Amino acid sequence: MPEPINISKDRVTYDLPKSKDTKVFGPDFWAAFHDLAKRVPCDECRDKAESFMVFFHDMVNVRVGKPVYDEKNFKTWVTYVSNLGEERKKRTDRKVLAFISAIVVSTLIIVIVKTKNL
């Protein structure tokens, strides 16, 4: 695992290989990435960061045909991300419904005002 070459209050620097070959830079890259997650100062946030980093690594593993490292963690994050997508869709649906409702109400007000002025 690559050791950080510089650690300050707001920056951690690693000396990673310059090669574009994933077999060369990959292991050090992932080790540095996981190390950064472990350095999150808040305990609760650190746990989430480490869990997400394992999920992120597993997404790459799936893409390249390697086995998932932590199946339970992977399923938890897939469910979480799926639920976020559904929540976003619901919020979007509510916004569209609110917009349409505003147009209908505005149109009704205009019709009522014009009718009263006749």
# chains A, B, ... in the order shown; residues from 1 in each chain; ligands from 1
$ select_by_dssp --residues "range 7-115 of chain A" --states "alpha helix (DSSP H)" --output "NGL selection string"
:A and (22-38 or 43-63 or 71-115)
$ closest_residue --among "A:Leu84, A:Ala32, A:Met53, A:Val40" --to "Asp70 in chain A" --atoms "only C-alpha atoms"
A:Met53
$ residues_around --residues "Met59 in chain A" --least-positions-apart "3" --cutoff "12 Å" --atoms "only C-alpha atoms" --output "number ranges by chain"
A: 52-56, 62-71, 73-75, 77-78
$ write_last_selection --atoms "N, CA and C atoms" --output "compact mmCIF listing (two decimals), in the first residue's frame"
# COMPACT_ATOMS: atom_id res chain seq x y z
N PHE A 52 -18.84 2.97 1.42
CA PHE A 52 -19.04 3.41 0.04
C PHE A 52 -17.84 3.07 -0.81
N MET A 53 -16.64 3.20 -0.26
CA MET A 53 -15.43 2.91 -1.03
C MET A 53 -15.39 1.43 -1.42
N VAL A 54 -15.82 0.55 -0.51
CA VAL A 54 -15.88 -0.88 -0.83
C VAL A 54 -16.92 -1.10 -1.94
N PHE A 55 -18.06 -0.41 -1.84
CA PHE A 55 -19.10 -0.51 -2.88
C PHE A 55 -18.56 -0.02 -4.22
N PHE A 56 -17.91 1.13 -4.21
CA PHE A 56 -17.36 1.71 -5.43
C PHE A 56 -16.35 0.74 -6.06
N VAL A 62 -17.27 -5.65 -10.64
CA VAL A 62 -18.34 -6.21 -11.46
C VAL A 62 -18.11 -5.85 -12.93
N ARG A 63 -17.74 -4.59 -13.18
CA ARG A 63 -17.52 -4.13 -14.56
C ARG A 63 -16.41 -4.91 -15.25
N VAL A 64 -15.36 -5.25 -14.50
CA VAL A 64 -14.23 -5.95 -15.12
C VAL A 64 -14.29 -7.47 -14.96
N GLY A 65 -15.41 -7.96 -14.41
CA GLY A 65 -15.60 -9.40 -14.31
C GLY A 65 -14.98 -10.06 -13.10
N LYS A 66 -14.62 -9.27 -12.11
CA LYS A 66 -14.07 -9.84 -10.87
C LYS A 66 -15.21 -10.06 -9.88
N PRO A 67 -15.01 -10.93 -8.90
CA PRO A 67 -16.08 -11.15 -7.91
C PRO A 67 -16.24 -9.95 -6.98
N VAL A 68 -17.47 -9.81 -6.48
CA VAL A 68 -17.78 -8.76 -5.50
C VAL A 68 -17.11 -9.14 -4.19
N TYR A 69 -16.45 -8.18 -3.55
CA TYR A 69 -15.73 -8.42 -2.30
C TYR A 69 -16.69 -8.58 -1.13
N ASP A 70 -17.68 -7.69 -1.04
CA ASP A 70 -18.62 -7.69 0.09
C ASP A 70 -20.05 -7.64 -0.45
N GLU A 71 -20.64 -8.81 -0.63
CA GLU A 71 -21.98 -8.94 -1.24
C GLU A 71 -23.05 -8.18 -0.47
N ASN A 73 -22.70 -5.57 1.62
CA ASN A 73 -22.46 -4.14 1.47
C ASN A 73 -22.90 -3.69 0.08
N PHE A 74 -22.57 -4.48 -0.94
CA PHE A 74 -22.92 -4.15 -2.32
C PHE A 74 -24.44 -4.04 -2.47
N LYS A 75 -25.17 -5.02 -1.95
CA LYS A 75 -26.64 -5.01 -2.05
C LYS A 75 -27.23 -3.83 -1.28
N TRP A 77 -25.86 -0.86 -0.76
CA TRP A 77 -25.66 0.37 -1.53
C TRP A 77 -26.49 0.40 -2.81
N VAL A 78 -26.65 -0.76 -3.47
CA VAL A 78 -27.50 -0.80 -4.67
C VAL A 78 -28.92 -0.41 -4.30
$ atom_distance --atom1 "CA of Arg91 in chain A" --atom2 "CA of Val104 in chain A"
19.8 Å
$ atom_distance --atom1 "CA of Thr107 in chain A" --atom2 "CA of Arg94 in chain A"
19.7 Å
